[in-house]
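The file final-v7.txt comes next; it holds compact mmCIF, C-alpha atoms.
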# COMPACT_ATOMS: atom_id res chain seq x y z
CA MET P 1 -53.13 6.21 91.02
CA LYS P 2 -56.30 5.99 93.13
CA PRO P 3 -57.26 9.17 95.05
CA ILE P 4 -57.04 7.39 98.44
CA VAL P 5 -53.51 6.14 97.75
CA PHE P 6 -52.54 9.55 96.40
CA LEU P 7 -53.88 11.29 99.51
CA SER P 8 -52.06 8.83 101.79
CA LEU P 9 -48.77 9.64 100.08
CA ILE P 10 -49.40 13.35 100.56
CA ILE P 11 -50.08 12.82 104.28
CA LEU P 12 -46.80 10.93 104.67
CA ILE P 13 -44.90 13.66 102.84
CA SER P 14 -46.50 16.39 104.94
CA CYS P 15 -45.81 14.59 108.22
CA SER P 16 -42.18 13.98 107.33
CA ARG P 17 -41.59 17.59 106.33
CA LYS P 18 -38.85 19.24 108.36
CA SER P 19 -39.54 22.65 109.82
CA THR P 20 -37.42 25.30 108.14
CA GLU P 21 -37.36 29.05 108.10
CA MET P 22 -39.98 30.22 105.63
CA GLU P 23 -39.73 33.05 103.11
CA ASP P 24 -42.27 35.44 101.63
CA ALA P 25 -44.36 33.44 99.16
CA SER P 26 -44.77 36.44 96.85
CA THR P 27 -41.16 35.99 95.71
CA PHE P 28 -40.40 34.17 92.45
CA SER P 29 -38.72 30.76 92.12
CA GLN P 30 -36.93 29.06 89.23
CA VAL P 31 -39.12 26.86 87.03
CA HIS P 32 -38.03 23.42 85.79
CA ILE P 33 -38.43 22.79 82.05
CA ASN P 34 -39.09 19.23 80.90
CA PRO P 35 -40.47 18.76 77.35
CA LYS P 36 -41.17 15.08 78.12
CA ILE P 37 -43.72 15.91 80.81
CA LYS P 38 -46.45 15.97 78.15
CA ASN P 39 -45.88 12.21 77.73
CA GLU P 40 -46.98 11.47 81.30
CA GLU P 41 -49.82 8.95 81.45
CA VAL P 42 -51.99 11.31 83.49
CA PHE P 43 -52.56 13.57 80.47
CA GLY P 44 -54.00 10.69 78.48
CA LEU P 45 -56.38 10.05 81.35
CA LEU P 46 -57.42 13.71 81.40
CA ASP P 47 -58.14 13.56 77.65
CA SER P 48 -60.45 10.60 78.21
CA GLN P 49 -62.54 12.43 80.82
CA LYS P 50 -65.05 15.24 80.42
CA GLU P 51 -66.06 18.17 82.61
CA TYR P 52 -68.68 20.89 82.45
CA ASN P 53 -67.53 24.43 81.67
CA MET P 54 -70.04 26.58 83.54
CA LEU P 55 -68.73 29.84 82.10
CA GLU P 56 -69.27 28.73 78.49
CA ASP P 57 -72.05 26.18 79.11
CA THR P 58 -70.10 23.48 77.26
CA ILE P 59 -68.60 20.05 77.89
CA GLN P 60 -64.82 19.90 77.52
CA MET P 61 -61.86 17.65 78.27
CA LYS P 62 -60.71 17.58 81.88
CA THR P 63 -57.88 20.05 82.56
CA SER P 64 -56.60 19.28 86.05
CA ALA P 65 -55.50 16.40 88.25
CA VAL P 66 -54.38 18.73 91.04
CA LEU P 67 -55.23 18.06 94.67
CA TYR P 68 -55.83 21.36 96.46
CA TYR P 69 -57.00 22.08 99.99
CA SER P 70 -56.74 24.63 102.79
CA LYS P 71 -57.15 24.03 106.50
CA ARG P 72 -56.29 25.35 109.92
CA LYS P 73 -52.71 24.42 110.77
CA GLU P 74 -53.78 23.00 114.12
CA ASP P 75 -56.17 20.51 112.48
CA LEU P 76 -54.60 17.08 112.02
CA GLU P 77 -57.23 15.80 109.61
CA ILE P 78 -56.77 16.77 105.96
CA PRO P 79 -60.10 17.94 104.53
CA TYR P 80 -61.69 16.01 101.70
CA SER P 81 -60.58 17.59 98.47
CA TYR P 82 -62.03 17.12 95.01
CA LEU P 83 -59.81 16.07 92.14
CA TYR P 84 -62.17 18.01 89.89
CA TYR P 85 -60.58 21.43 89.93
CA LYS P 86 -60.47 23.17 86.57
CA CYS P 87 -57.41 24.83 85.06
CA ARG P 88 -57.49 27.95 82.90
CA ALA P 89 -54.68 30.12 81.60
CA GLU P 90 -54.22 33.48 79.93
CA ILE P 91 -51.38 35.88 79.21
CA ILE P 92 -51.66 39.20 81.06
CA ASN P 93 -49.00 41.88 80.51
CA ASP P 94 -46.47 39.30 79.22
CA THR P 95 -47.09 37.08 82.25
CA LEU P 96 -48.68 33.64 81.94
CA VAL P 97 -51.36 33.38 84.62
CA ILE P 98 -52.64 29.88 85.41
CA ARG P 99 -55.54 29.37 87.81
CA ILE P 100 -56.39 25.94 89.16
CA GLY P 101 -59.47 25.79 91.33
CA SER P 102 -63.19 25.56 91.81
CA THR P 103 -65.48 28.05 90.10
CA GLN P 104 -68.97 28.39 91.49
CA TYR P 105 -71.79 30.81 90.71
CA LEU P 106 -70.71 33.47 93.22
CA SER P 107 -67.13 32.65 94.10
CA ASP P 108 -64.00 30.75 93.17
CA HIS P 109 -60.87 29.62 94.99
CA GLY P 110 -57.69 27.66 94.36
CA ILE P 111 -54.06 28.23 93.46
CA GLU P 112 -52.78 30.88 91.05
CA ILE P 113 -49.47 30.54 89.21
CA LYS P 114 -47.75 33.52 87.61
CA TYR P 115 -44.94 32.62 85.20
CA LYS P 116 -42.53 34.82 83.26
CA ASN P 117 -38.95 34.47 81.96
CA GLY P 118 -38.25 31.14 83.62
CA LYS P 119 -39.52 32.12 87.08
CA PHE P 120 -42.83 31.70 88.85
CA GLN P 121 -44.81 32.33 92.00
CA SER P 122 -47.78 30.34 93.27
CA LEU P 123 -50.30 31.77 95.74
CA PRO P 124 -53.80 30.91 96.96
CA PHE P 125 -56.63 32.99 95.47
CA SER P 126 -60.21 33.53 96.49
CA THR P 127 -62.83 35.80 94.94
CA SER P 128 -66.49 36.38 95.66
CA ASP P 129 -69.32 38.38 94.12
CA VAL P 130 -70.96 38.65 97.54
CA THR P 131 -69.75 41.52 99.73
CA ASP P 132 -70.76 42.77 103.17
CA SER P 133 -70.38 46.53 103.54
CA SER P 134 -70.52 46.22 107.34
CA GLU P 135 -67.31 44.18 107.45
CA PRO P 136 -64.04 46.07 107.95
CA LYS P 137 -61.84 46.47 104.90
CA LYS P 138 -59.68 43.39 104.52
CA THR P 139 -55.94 43.83 104.83
CA LYS P 140 -53.63 42.31 102.25
CA ASP P 141 -52.97 38.63 102.87
CA VAL P 142 -49.38 37.72 103.74
CA PHE P 143 -48.26 34.21 102.83
CA LEU P 144 -45.13 32.32 103.83
CA LEU P 145 -43.59 29.70 101.59
CA ARG P 146 -42.76 26.24 102.87
CA ASN P 147 -42.05 24.52 99.58
CA ARG P 148 -42.91 24.81 95.91
CA LYS P 149 -41.92 23.47 92.52
CA LEU P 150 -43.24 24.00 89.00
CA ILE P 151 -42.45 21.86 85.96
CA LEU P 152 -43.50 23.12 82.52
CA ASP P 153 -43.09 21.57 79.07
CA LYS P 154 -41.37 24.62 77.56
CA LEU P 155 -39.90 28.01 78.38
CA ASP P 156 -42.05 30.39 76.31
CA TYR P 157 -45.77 30.45 75.53
CA LYS P 158 -48.18 32.43 73.37
CA ASN P 159 -51.96 32.63 73.03
CA GLY P 160 -53.38 29.38 71.67
CA ASP P 161 -50.57 27.20 73.07
CA THR P 162 -51.33 24.27 75.34
CA VAL P 163 -49.55 24.28 78.69
CA PHE P 164 -48.50 20.98 80.25
CA GLY P 165 -47.28 21.16 83.83
CA ARG P 166 -47.02 19.93 87.38
CA ILE P 167 -47.30 22.12 90.45
CA HIS P 168 -46.38 21.48 94.08
CA THR P 169 -47.03 24.24 96.60
CA GLU P 170 -47.11 24.40 100.40
CA ILE P 171 -47.97 27.81 101.86
CA GLU P 172 -48.85 29.14 105.29
CA GLU P 173 -50.79 32.31 105.98
CA ALA P 174 -48.68 34.70 108.01
CA GLU P 175 -51.58 36.52 109.64
CA LYS P 176 -54.03 34.50 111.69
CA LYS P 177 -57.71 34.45 110.85
CA LYS P 178 -60.30 34.92 113.59
CA TRP P 179 -63.06 32.30 113.87
CA HIS P 180 -65.38 31.83 116.85
CA ASN P 181 -63.30 34.32 118.90
CA LYS P 182 -60.10 32.32 118.34
CA TYR P 183 -57.19 32.94 116.00
CA TYR P 184 -55.91 30.29 113.64
CA THR P 185 -53.10 30.01 111.10
CA TYR P 186 -54.24 28.59 107.77
CA GLU P 187 -52.16 26.43 105.47
CA TYR P 188 -52.62 25.71 101.75
CA PHE P 189 -51.50 22.70 99.73
CA ALA P 190 -51.56 21.94 96.00
CA ASP P 191 -49.98 19.07 94.09
CA GLY P 192 -50.63 17.51 90.72
CA TYR P 193 -50.69 17.79 86.94
CA PHE P 194 -52.55 20.24 84.72
CA LYS P 195 -53.07 20.79 81.00
CA THR P 196 -54.91 23.72 79.46
CA LYS P 197 -55.02 25.90 76.39
CA ILE P 198 -54.06 29.55 76.79
CA SER P 199 -57.05 31.68 75.94
CA GLU P 200 -57.02 35.21 74.57
CA LEU P 201 -58.47 38.04 76.62

Represent the structure from my file as structure tokens, please.
Amino acid sequence: MKPIVFLSLIILISCSRKSTEMEDASTFSQVHINPKIKNEEVFGLLDSQKEYNMLEDTIQMKTSAVLYYSKRKEDLEIPYSYLYYKCRAEIINDTLVIRIGSTQYLSDHGIEIKYKNGKFQSLPFSTSDVTDSSEPKKTKDVFLLRNRKLILDKLDYKNGDTVFGRIHTEIEEAEKKKWHNKYYTYEYFADGYFKTKISEL
């Protein structure tokens, strides 16, 4: 599916979404298990494409076909989003942690999935190596869940396994961010397929 067509479908879905009472996005939801998901055509396309791994200075197969963006809720225009986000996964304290996003030299951002015992949560993440000591200490972000769904190819994973999946997440930031002396509510959206090998710490 071409990116423009894909984005148009997402816009239609977003516009037709009914407003419902939202819950705390830090809660866990039930995952859907579908062993046949690894047969989806998109994974063959990922295998035929290459991407640069900046952390290891290597060329590897593409790991993500996930569209991810964030924007102010009041903005009608959906920002241009790259379909080049990388996916990486590791097991931390018996929890499978999957990060899909953009990694740059000083920062990274995207969507983080935590999965354990058939349940998952998905939240935006953002990290930076650049800090400003003059800025007040940031309070913990509070996110509200509009909608989310995760499909995985199996129930249990171990180091060295390959994860095949599809994520759909719509989240709204509960606390408004100040920009140019105005306050705005931010929303986050992620949808698409991913495939990555679980690496050891």

Would you list the contacts of Lys116 in chain P as a list in words, taking every protein, DNA or RNA residue within 8 Å and counting all atoms listed in the file, but skipping same-chain residues closer than 6 positions in sequence?
-> Asp94, Thr95 and Leu96 of chain P

Would you mind telling me which residue in P:Asp108, P:Glu74, P:Glu40, P:Asp47 lies nearest to Glu187 in chain P when using all atoms listed in the file?
->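 Looking at the shortest contact to Glu187 in chain P, the residue is P:Glu74.
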
Please enclose the listed atoms of range 181-194 of chain P in an axis-aligned box, pad each side by 6 Å, and write out the centre and the three edge lengths in Å, rounded to one decimal, as lines of an AutoDock Vina configuration file.
center_x = -56.6
center_y = 25.9
center_z = 101.8
size_x = 25.3
size_y = 28.8
size_z = 46.2

Who sits within 6 Å of Leu152 in chain P, only C-alpha atoms, same chain under 3 positions skipped, as a ChimeraX atom specification = /P:33,164-165

Got a sec: who's within 12 Å of Asn159 in chain P, counting only C-alpha atoms, leaving out chain neighbours fewer than 5 positions off, as an MDAnalysis selection string?
-> chainID P and resid 89:92 94:97 196:201

Starting from the point (-43.9, 18.3, 95.5), work out which residues of protein, DNA or RNA have an atom no more than 7 Å away when counting only C-alpha atoms; state them as an MDAnalysis selection string.
-> chainID P and resid 148:149 168:169 191

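Atom pair CA of Glu170 in chain P / CA of Asn93 in chain P: separated by 26.5 Å.
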
Out of P:Ser29, P:Gln49, P:Ser126, P:Thr185, which residue has the shortest atom-to-atom distance to Thr63 in chain P when counting all atoms listed in the file?
-> P:Gln49

From CA of Asn147 in chain P to CA of Ile113 in chain P the spacing works out at 14.1 Å

Near-Ile111 in chain P list (6 Å; all atoms listed in the file; drop same-chain fewer than 4 positions) as a PyMOL selection string | chain P and resi 99-100+123-125

Using all atoms listed in the file, the best pick from P:Gly44, P:Lys195, P:Asp75, P:Gln30 as closest to Asp161 in chain P would be P:Lys195

Could you tell me which of P:Leu67, P:Val31, P:Met61, P:Ala190 comes closest to Leu150 in chain P if we count only C-alpha atoms?
->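 Among the listed residues, P:Val31 lies closest to Leu150 in chain P.
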
Could you check how far CA of Lys154 in chain P sits from CA of Ile167 in chain P, in Å to one decimal?
->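 Those two atoms sit 14.4 Å apart.
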